[in-house]
>>> print(open('work-v1.txt').read())   # compact mmCIF, C-alpha atoms
# COMPACT_ATOMS: atom_id res chain seq x y z
CA MET U 239 41.43 11.84 -48.21
CA ILE U 240 43.23 9.72 -50.84
CA GLN U 241 40.80 6.88 -50.27
CA ASP U 242 37.89 9.27 -50.85
CA GLU U 243 39.42 10.44 -54.12
CA ILE U 244 39.93 6.86 -55.29
CA GLY U 245 36.38 6.03 -54.28
CA VAL U 246 34.98 8.89 -56.37
CA SER U 247 37.14 8.15 -59.41
CA THR U 248 36.17 4.47 -59.51
CA GLN U 249 32.43 5.12 -59.53
CA ILE U 250 30.79 4.13 -62.80
CA LEU U 251 29.30 7.10 -64.58
CA ARG U 252 25.93 6.67 -66.24
CA TRP U 253 24.28 8.84 -68.82
CA ARG U 254 20.92 9.17 -70.46
CA CYS U 255 19.36 11.26 -73.21
CA ILE U 256 16.64 13.42 -71.65
CA GLU U 257 15.62 15.30 -74.79
CA SER U 258 16.05 14.80 -78.52
CA ARG U 259 14.52 16.51 -81.52
CA MET U 260 15.07 17.30 -85.20
CA GLU U 261 14.71 20.99 -86.05
CA ASN U 262 15.26 20.21 -89.73
CA LYS U 263 17.44 17.91 -91.84
CA ARG U 264 20.51 20.00 -91.09
CA LEU U 265 19.93 20.65 -87.40
CA LEU U 266 19.58 17.88 -84.80
CA TYR U 267 19.43 18.55 -81.06
CA GLY U 268 20.14 16.34 -78.07
CA ARG U 269 20.33 16.99 -74.30
CA PHE U 270 22.19 14.50 -72.10
CA ALA U 271 22.70 14.04 -68.37
CA ILE U 272 25.84 12.37 -66.99
CA SER U 273 26.31 11.51 -63.30
CA PRO U 274 27.37 11.06 -60.57
CA PHE U 275 30.50 13.22 -60.38
CA GLY U 276 32.46 14.29 -57.36
CA LYS U 277 32.68 17.97 -56.55
CA GLY U 278 34.44 19.86 -59.38
CA GLN U 279 34.69 16.86 -61.71
CA ALA U 280 31.61 17.67 -63.80
CA ASN U 281 33.03 21.05 -64.82
CA THR U 282 36.35 19.44 -65.79
CA VAL U 283 34.61 16.88 -67.98
CA GLY U 284 32.22 19.50 -69.38
CA ILE U 285 35.06 21.72 -70.61
CA ALA U 286 36.91 18.77 -72.15
CA MET U 287 33.79 17.35 -73.82
CA ARG U 288 32.80 20.72 -75.29
CA ARG U 289 36.24 21.24 -76.82
CA ALA U 290 36.36 17.66 -78.10
CA LEU U 291 32.93 17.99 -79.68
CA LEU U 292 33.79 21.25 -81.43
CA ASN U 293 37.38 20.49 -82.45
CA GLU U 294 38.02 16.74 -82.56
CA ILE U 295 35.14 15.31 -84.61
CA GLU U 296 35.69 14.85 -88.32
CA GLY U 297 33.24 15.92 -90.99
CA SER U 298 33.17 16.12 -94.78
CA SER U 299 32.89 19.15 -97.02
CA ILE U 300 33.21 20.26 -100.64
CA THR U 301 36.70 21.72 -100.99
CA SER U 302 36.74 22.66 -104.68
CA ALA U 303 34.54 22.80 -107.76
CA GLU U 304 35.59 22.46 -111.37
CA ILE U 305 33.06 24.35 -113.49
CA LYS U 306 33.49 23.49 -117.13
CA LYS U 307 34.05 26.31 -119.67
CA VAL U 308 34.60 28.91 -116.94
CA LYS U 309 37.92 30.74 -116.84
CA HIS U 310 37.55 32.84 -113.68
CA GLU U 311 35.06 33.62 -110.91
CA TYR U 312 33.90 36.83 -112.59
CA SER U 313 32.93 35.07 -115.81
CA THR U 314 29.39 35.69 -117.04
CA ILE U 315 27.73 32.54 -118.32
CA ILE U 316 24.76 32.96 -120.62
CA GLY U 317 21.74 31.03 -119.41
CA ILE U 318 22.84 30.76 -115.75
CA GLN U 319 21.10 33.02 -113.26
CA GLU U 320 23.76 33.17 -110.51
CA SER U 321 27.32 34.42 -110.66
CA ILE U 322 30.17 31.97 -110.15
CA HIS U 323 30.75 33.43 -106.69
CA ASP U 324 27.12 32.80 -105.69
CA ILE U 325 27.28 29.24 -106.98
CA LEU U 326 30.39 28.59 -104.87
CA ILE U 327 28.65 30.02 -101.79
CA ASN U 328 25.67 27.70 -102.36
CA LEU U 329 27.97 24.69 -102.79
CA LYS U 330 29.66 25.58 -99.48
CA GLU U 331 26.28 25.24 -97.73
CA ILE U 332 25.81 21.62 -98.80
CA VAL U 333 26.09 19.17 -95.88
CA SER U 334 27.52 15.77 -96.74
CA LYS U 335 28.64 12.64 -94.92
CA SER U 336 31.64 10.68 -96.21
CA ASP U 337 32.70 7.24 -95.03
CA SER U 338 36.00 7.43 -96.91
CA PHE U 339 39.22 9.03 -95.69
CA GLU U 340 40.29 9.58 -99.31
CA PRO U 341 39.08 12.56 -101.38
CA GLN U 342 35.96 11.68 -103.38
CA LYS U 343 34.55 13.06 -106.63
CA ALA U 344 30.92 14.01 -107.22
CA TYR U 345 29.33 15.38 -110.37
CA ILE U 346 26.56 17.67 -111.56
CA SER U 347 25.52 17.35 -115.19
CA ILE U 348 22.16 18.89 -116.04
CA TYR U 349 20.51 20.57 -119.03
CA GLY U 350 18.33 23.67 -118.78
CA PRO U 351 16.08 25.36 -118.34
CA ASN U 352 16.07 23.83 -114.84
CA ARG U 353 16.51 24.51 -111.16
CA VAL U 354 19.68 22.85 -109.85
CA THR U 355 19.72 21.55 -106.26
CA ALA U 356 21.81 19.09 -104.24
CA ARG U 357 19.44 16.37 -105.49
CA ASP U 358 21.19 16.65 -108.87
CA ILE U 359 24.62 15.75 -107.43
CA LYS U 360 25.76 12.26 -108.38
CA THR U 361 27.88 10.97 -105.50
CA PRO U 362 29.96 7.80 -105.01
CA PRO U 363 28.57 5.11 -102.65
CA SER U 364 30.73 6.37 -99.77
CA VAL U 365 29.21 9.87 -99.82
CA ARG U 366 25.69 10.91 -98.83
CA ILE U 367 24.05 14.32 -99.16
CA ILE U 368 22.13 15.19 -95.97
CA ASP U 369 19.70 17.75 -97.40
CA ASP U 370 19.14 17.32 -101.13
CA THR U 371 16.90 20.41 -101.29
CA GLN U 372 19.87 22.78 -100.94
CA TYR U 373 19.71 25.26 -103.82
CA ILE U 374 22.72 25.65 -106.15
CA THR U 375 21.70 27.61 -109.26
CA THR U 376 19.07 28.08 -111.97
CA LEU U 377 19.53 27.44 -115.68
CA THR U 378 17.29 29.95 -117.45
CA GLU U 379 17.97 28.77 -121.01
CA ALA U 380 18.68 25.58 -122.94
CA VAL U 381 22.29 25.31 -121.75
CA SER U 382 24.16 22.57 -119.93
CA SER U 383 25.89 22.80 -116.56
CA ASP U 384 28.77 20.45 -115.82
CA ILE U 385 30.46 20.69 -112.42
CA GLU U 386 32.93 18.30 -110.78
CA LEU U 387 33.11 18.49 -106.99
CA ASN U 388 35.94 17.40 -104.71
CA ILE U 389 34.75 16.15 -101.30
CA GLU U 390 37.20 15.64 -98.44
CA LYS U 391 37.06 14.57 -94.81
CA ASP U 392 38.90 16.57 -92.16
CA ARG U 393 38.52 18.60 -88.94
CA GLY U 394 37.91 22.29 -88.28
CA TYR U 395 38.08 24.93 -91.01
CA ARG U 396 40.06 25.32 -94.19
CA ILE U 397 40.25 28.82 -95.65
CA GLU U 398 41.03 28.87 -99.37
CA ASN U 399 42.30 31.68 -101.58
CA LEU U 400 40.22 32.13 -104.72
CA GLN U 401 43.23 33.74 -106.39
CA LYS U 402 44.76 30.26 -106.59
CA TYR U 403 42.15 28.93 -109.03
CA LYS U 404 43.44 27.28 -112.18
CA ASP U 405 42.00 25.41 -115.16
CA SER U 406 38.40 26.16 -114.14
CA ILE U 407 38.99 24.68 -110.64
CA PHE U 408 37.75 26.95 -107.85
CA PRO U 409 38.75 26.28 -104.20
CA ILE U 410 35.94 26.58 -101.61
CA ASP U 411 36.26 27.51 -97.93
CA ALA U 412 35.51 24.21 -96.18
CA VAL U 413 33.75 23.78 -92.84
CA PHE U 414 34.44 20.24 -91.66
CA MET U 415 32.79 20.73 -88.25
CA PRO U 416 29.59 18.66 -87.99
CA ILE U 417 28.85 20.14 -84.54
CA ARG U 418 26.96 23.43 -84.75
CA ASN U 419 27.01 24.27 -81.05
CA VAL U 420 27.60 22.77 -77.58
CA ASN U 421 26.44 24.01 -74.19
CA TYR U 422 27.01 22.45 -70.79
CA SER U 423 25.86 23.13 -67.26
CA VAL U 424 26.63 21.60 -63.86
CA HIS U 425 24.12 21.04 -61.05
CA SER U 426 24.69 19.67 -57.56
CA PHE U 427 22.63 17.24 -55.50
CA GLU U 428 23.01 15.50 -52.16
CA MET U 429 23.75 11.79 -51.96
CA GLY U 430 23.95 10.76 -48.34
CA GLU U 431 26.30 13.20 -46.67
CA LYS U 432 28.19 14.03 -49.85
CA ILE U 433 27.57 16.57 -52.58
CA LYS U 434 27.54 15.06 -56.05
CA GLU U 435 27.23 16.72 -59.46
CA ILE U 436 25.32 16.11 -62.66
CA LEU U 437 26.65 17.31 -66.01
CA PHE U 438 24.10 18.39 -68.64
CA LEU U 439 25.29 18.55 -72.24
CA GLU U 440 23.36 20.16 -75.10
CA ILE U 441 24.57 19.23 -78.59
CA TRP U 442 23.46 20.57 -81.97
CA THR U 443 24.71 18.77 -85.12
CA ASP U 444 24.39 19.46 -88.84
CA GLY U 445 22.51 16.19 -89.49
CA SER U 446 25.51 14.21 -90.75
CA LEU U 447 25.57 12.46 -87.35
CA THR U 448 23.22 12.39 -84.39
CA PRO U 449 24.03 14.12 -81.08
CA LYS U 450 24.33 10.65 -79.50
CA GLU U 451 26.88 9.58 -82.11
CA ALA U 452 28.76 12.84 -81.56
CA LEU U 453 28.91 12.18 -77.81
CA TYR U 454 30.36 8.70 -78.40
CA GLU U 455 32.93 9.94 -80.91
CA ALA U 456 34.08 12.86 -78.74
CA SER U 457 34.52 10.48 -75.79
CA ARG U 458 36.61 8.08 -77.89
CA ASN U 459 38.74 10.94 -79.21
CA LEU U 460 39.47 12.16 -75.69
CA ILE U 461 40.55 8.66 -74.67
CA ASP U 462 42.79 8.39 -77.77
CA LEU U 463 44.54 11.63 -76.80
CA PHE U 464 45.63 10.13 -73.47
CA ILE U 465 46.54 6.62 -74.67
CA PRO U 466 50.15 7.64 -75.58
CA LEU U 467 50.62 8.99 -72.04
CA ILE U 468 49.29 5.75 -70.58
CA ASN U 469 51.47 3.57 -72.81
CA SER U 470 54.61 5.54 -71.94
CA GLU U 471 54.27 4.45 -68.32
CA LYS U 472 52.85 0.99 -69.04
CA LYS U 473 55.68 -0.99 -67.46
CA GLU U 474 55.59 1.03 -64.26
CA MET U 475 51.81 0.73 -64.05
CA ASP U 476 51.91 -3.03 -64.67
CA SER U 477 54.36 -3.52 -61.84
CA THR U 478 52.28 -1.38 -59.52
CA MET U 479 49.10 -3.26 -60.39
CA GLY U 480 50.81 -6.57 -59.72
CA GLU U 481 51.56 -5.54 -56.14
CA LYS U 482 47.91 -4.84 -55.33
CA LYS U 483 46.19 -7.35 -53.12
CA GLU U 484 42.92 -8.95 -53.97
CA SER U 485 41.41 -7.53 -50.78
CA ASP U 486 41.77 -3.99 -52.20
CA THR U 487 38.93 -4.61 -54.62
CA HIS U 488 36.46 -5.03 -51.74
CA SER U 489 37.10 -1.48 -50.52
CA LEU U 490 35.39 0.11 -53.54
CA PRO U 491 32.17 1.96 -52.78
CA LEU U 492 28.78 0.60 -53.73
CA GLN U 493 27.59 1.64 -57.18
CA LEU U 494 24.36 3.49 -57.74
CA SER U 495 21.62 1.33 -59.17
CA ALA U 496 20.30 2.34 -62.58
CA PRO U 497 16.77 3.19 -61.33
CA ASP U 498 18.18 5.40 -58.53
CA MET U 499 20.47 7.24 -60.93
CA GLN U 500 17.69 7.75 -63.47
CA GLU U 501 15.33 9.11 -60.81
CA MET U 502 17.91 11.60 -59.50
CA THR U 503 18.80 12.69 -63.04
CA LYS U 504 15.15 13.11 -64.00
CA ASP U 505 14.31 15.17 -60.89
CA THR U 506 17.30 17.45 -61.35
CA ALA U 507 16.69 17.85 -65.08
CA PHE U 508 13.04 18.81 -64.62
CA LYS U 509 14.09 21.58 -62.21
CA HIS U 510 16.11 23.22 -65.00
CA ILE U 511 13.76 22.82 -67.96
CA PHE U 512 11.41 25.81 -68.10
CA ILE U 513 7.89 25.54 -69.48
CA ASP U 514 8.48 28.49 -71.82
CA GLN U 515 11.02 26.29 -73.65
CA SER U 516 8.17 24.07 -74.84
CA GLU U 517 7.17 26.32 -77.78
CA LEU U 518 3.82 27.14 -76.16
CA PRO U 519 1.70 30.23 -76.90
CA ALA U 520 2.55 33.14 -74.61
CA ARG U 521 -0.78 32.91 -72.75
CA ALA U 522 -0.25 29.21 -72.04
CA TYR U 523 2.97 29.73 -70.07
CA ASN U 524 2.39 33.22 -68.65
CA CYS U 525 -0.68 32.27 -66.58
CA PRO U 526 1.04 29.46 -64.60
CA LYS U 527 3.84 31.88 -63.68
CA ARG U 528 1.35 33.75 -61.50
CA VAL U 529 1.35 30.76 -59.14
CA ASP U 530 5.14 30.25 -59.43
CA VAL U 531 4.97 27.43 -61.98
CA HIS U 532 8.16 28.02 -63.96
CA THR U 533 9.74 24.61 -64.60
CA ILE U 534 8.58 21.12 -65.56
CA ALA U 535 9.21 20.08 -61.93
CA ASP U 536 6.84 22.84 -60.74
CA LEU U 537 4.23 21.79 -63.30
CA LEU U 538 4.26 18.16 -62.15
CA ASN U 539 3.05 19.32 -58.72
CA TYR U 540 -0.23 20.44 -60.30
CA SER U 541 -3.15 18.48 -61.71
CA GLU U 542 -5.27 19.61 -64.65
CA ASN U 543 -8.02 20.63 -62.22
CA ASP U 544 -5.53 22.79 -60.31
CA LEU U 545 -4.48 24.55 -63.51
CA VAL U 546 -8.09 25.29 -64.50
CA LYS U 547 -8.52 27.23 -61.23
CA ILE U 548 -5.81 29.72 -62.22
CA LYS U 549 -7.37 33.06 -63.13
CA ASN U 550 -7.90 33.65 -66.87
CA PHE U 551 -6.43 30.20 -67.64
CA GLY U 552 -8.85 28.53 -70.05
CA ARG U 553 -9.37 24.85 -70.81
CA LYS U 554 -7.56 25.11 -74.16
CA SER U 555 -4.47 26.61 -72.52
CA VAL U 556 -4.54 23.88 -69.86
CA GLU U 557 -4.55 21.24 -72.59
CA GLN U 558 -1.59 22.92 -74.31
CA VAL U 559 0.43 23.04 -71.08
CA SER U 560 -0.48 19.45 -70.20
CA GLU U 561 0.66 18.31 -73.62
CA ALA U 562 4.21 19.69 -73.10
CA PRO U 563 5.48 17.06 -70.58
CA LYS U 564 3.51 14.36 -72.39
CA LYS U 565 5.06 15.14 -75.77
CA ARG U 566 8.64 15.57 -74.59
CA PHE U 567 8.87 13.19 -71.63
CA SER U 568 5.82 10.85 -71.95
CA ILE U 569 4.47 12.12 -68.61
CA ASP U 570 0.75 12.77 -68.09
CA LEU U 571 -0.50 15.29 -65.55
CA SER U 572 -3.04 13.84 -63.14
CA LYS U 573 -6.67 14.81 -63.69
CA LYS U 574 -7.25 15.60 -60.02
>>> encode(input="work-v1.txt", output="structure tokens")
Amino acid sequence: MIQDEIGVSTQILRWRCIESRMENKRLLYGRFAISPFGKGQANTVGIAMRRALLNEIEGSSITSAEIKKVKHEYSTIIGIQESIHDILINLKEIVSKSDSFEPQKAYISIYGPNRVTARDIKTPPSVRIIDDTQYITTLTEAVSSDIELNIEKDRGYRIENLQKYKDSIFPIDAVFMPIRNVNYSVHSFEMGEKIKEILFLEIWTDGSLTPKEALYEASRNLIDLFIPLINSEKKEMDSTMGEKKESDTHSLPLQLSAPDMQEMTKDTAFKHIFIDQSELPARAYNCPKRVDVHTIADLLNYSENDLVKIKNFGRKSVEQVSEAPKKRFSIDLSKK
């Protein structure tokens, strides 16, 4: 039993990105498969990775704004369309990426009449605005708008109290989380006489980093959390490792080859990706369901000629369905 546990834990995990897309500048999506896991291990890693992605990755946010010539948030400024409160809400929506761990200053200085967006923010070299089309305010008359922004890097949320404003400086509730959402699922498959597991991770980010970068960073953060525990027992571990014989290394199980792992991952993934997730017209994915074609794996069992024979399934709909695996996975359905 112990030998089996050691064998499972020493297997090299492999991962691959099976889907990636950009919804817009502030929403990136990635779907990853990681395997092989022993029974129960994929769920353990999935829970840890989800929490690390949502809680342990740093992001940057605007934490305060100094609006010149404004005494309080209920001030009415002639020539500016929005209230101070609305301007602060719009500033909160701006997504930025900072490479500095020190607070940075950015500035808006513009003369009206004009429409003010994130494109008008002058940032230091270490800060980048992800979506410069984000709306801030509108100057309806020939007035100037001067705003100084404070940008910080941190984790999680920071709730500010607007009652604490002073000298035209208004605190802003900061959302430092660059991860919008994370889902995970676990699926089993047979490998020889053993049951192995594949972990699927879905990651949505705000555009300040890619889902792949988020996966790397979350993994590193998890490792960093356990390093102190490892170091505390370093001497004992070193002595134990020194007693191991060289022959022990030959008892490790054979590793899966990359092509075998990719094939198993692909087959399992296709069984859990439904054709109605491919943004097809309703007619295009409802007709195949009559012959129990629900997933990409089901679809790959049919040729284009087979699909044409489905009742009320026209040539245009067949082309739309055939385009789905080609567009997302570079797989062409056979003609016959």
>>> residues_near_point(input="work-v1.txt", point="(18.5, 16.1, -80.1)", cutoff="9 Å", atoms="all atoms listed in the file", output="PyMOL selection string")
chain U and resi 255+257-261+265-270+440-443+448-450
>>> write_last_selection(input="work-v1.txt", atoms="C-alpha atoms", output="PDB file, keeping the file's coordinate frame")
ATOM      1  CA  CYS U 255      19.360  11.260 -73.210  1.00  0.00           C
ATOM      2  CA  GLU U 257      15.620  15.300 -74.790  1.00  0.00           C
ATOM      3  CA  SER U 258      16.050  14.800 -78.520  1.00  0.00           C
ATOM      4  CA  ARG U 259      14.520  16.510 -81.520  1.00  0.00           C
ATOM      5  CA  MET U 260      15.070  17.300 -85.200  1.00  0.00           C
ATOM      6  CA  GLU U 261      14.710  20.990 -86.050  1.00  0.00           C
ATOM      7  CA  LEU U 265      19.930  20.650 -87.400  1.00  0.00           C
ATOM      8  CA  LEU U 266      19.580  17.880 -84.800  1.00  0.00           C
ATOM      9  CA  TYR U 267      19.430  18.550 -81.060  1.00  0.00           C
ATOM     10  CA  GLY U 268      20.140  16.340 -78.070  1.00  0.00           C
ATOM     11  CA  ARG U 269      20.330  16.990 -74.300  1.00  0.00           C
ATOM     12  CA  PHE U 270      22.190  14.500 -72.100  1.00  0.00           C
ATOM     13  CA  GLU U 440      23.360  20.160 -75.100  1.00  0.00           C
ATOM     14  CA  ILE U 441      24.570  19.230 -78.590  1.00  0.00           C
ATOM     15  CA  TRP U 442      23.460  20.570 -81.970  1.00  0.00           C
ATOM     16  CA  THR U 443      24.710  18.770 -85.120  1.00  0.00           C
ATOM     17  CA  THR U 448      23.220  12.390 -84.390  1.00  0.00           C
ATOM     18  CA  PRO U 449      24.030  14.120 -81.080  1.00  0.00           C
ATOM     19  CA  LYS U 450      24.330  10.650 -79.500  1.00  0.00           C
TER      20      LYS U 450
END
>>> closest_residue(input="work-v1.txt", among="U:Ser298, U:Thr361, U:Ser383, U:Thr371", to="Pro416 of chain U", atoms="all atoms listed in the file")
U:Ser298
>>> atom_distance(input="work-v1.txt", atom1="atom CA of Ile436 of chain U", atom2="atom CA of Val424 of chain U")
5.8 Å
>>> closest_residue(input="work-v1.txt", among="U:Asn524, U:Asn421, U:Tyr312, U:Ser334", to="Phe438 of chain U", atoms="all atoms listed in the file")
U:Asn421
>>> residues_around(input="work-v1.txt", residues="Thr378 of chain U", least_positions_apart="4", cutoff="6 Å", atoms="all atoms listed in the file", output="JSON, numbers by chain")
{"U": [317, 318, 351]}
>>> closest_residue(input="work-v1.txt", among="U:Val559, U:Thr282, U:Tyr422, U:Gly350", to="Val381 of chain U", atoms="only C-alpha atoms")
U:Gly350
>>> closest_residue(input="work-v1.txt", among="U:Asp358, U:Glu428, U:Leu437, U:Val413", to="Phe275 of chain U", atoms="all atoms listed in the file")
U:Leu437
>>> residues_around(input="work-v1.txt", residues="Glu304 of chain U", least_positions_apart="2", cutoff="7 Å", atoms="all atoms listed in the file", output="VMD selection string")
chain U and resid 302 306 385 to 387 406 to 408
>>> closest_residue(input="work-v1.txt", among="U:Asp544, U:Glu557, U:Glu435, U:Glu340", to="Ala271 of chain U", atoms="only C-alpha atoms")
U:Glu435
>>> atom_distance(input="work-v1.txt", atom1="atom CA of Pro526 of chain U", atom2="atom CA of Arg254 of chain U")
29.0 Å
>>> axis_aligned_box(input="work-v1.txt", around="segment 386-391 of chain U", padding_each_side="4 Å", output="JSON")
{"center_x": 35.1, "center_y": 16.5, "center_z": -102.8, "size_x": 12.3, "size_y": 11.9, "size_z": 24.0}
>>> atom_distance(input="work-v1.txt", atom1="atom CA of Lys565 of chain U", atom2="atom CA of Lys547 of chain U")
23.3 Å
>>> closest_residue(input="work-v1.txt", among="U:Asn388, U:Asn550, U:Ser541, U:Ser555", to="Tyr345 of chain U", atoms="only C-alpha atoms")
U:Asn388
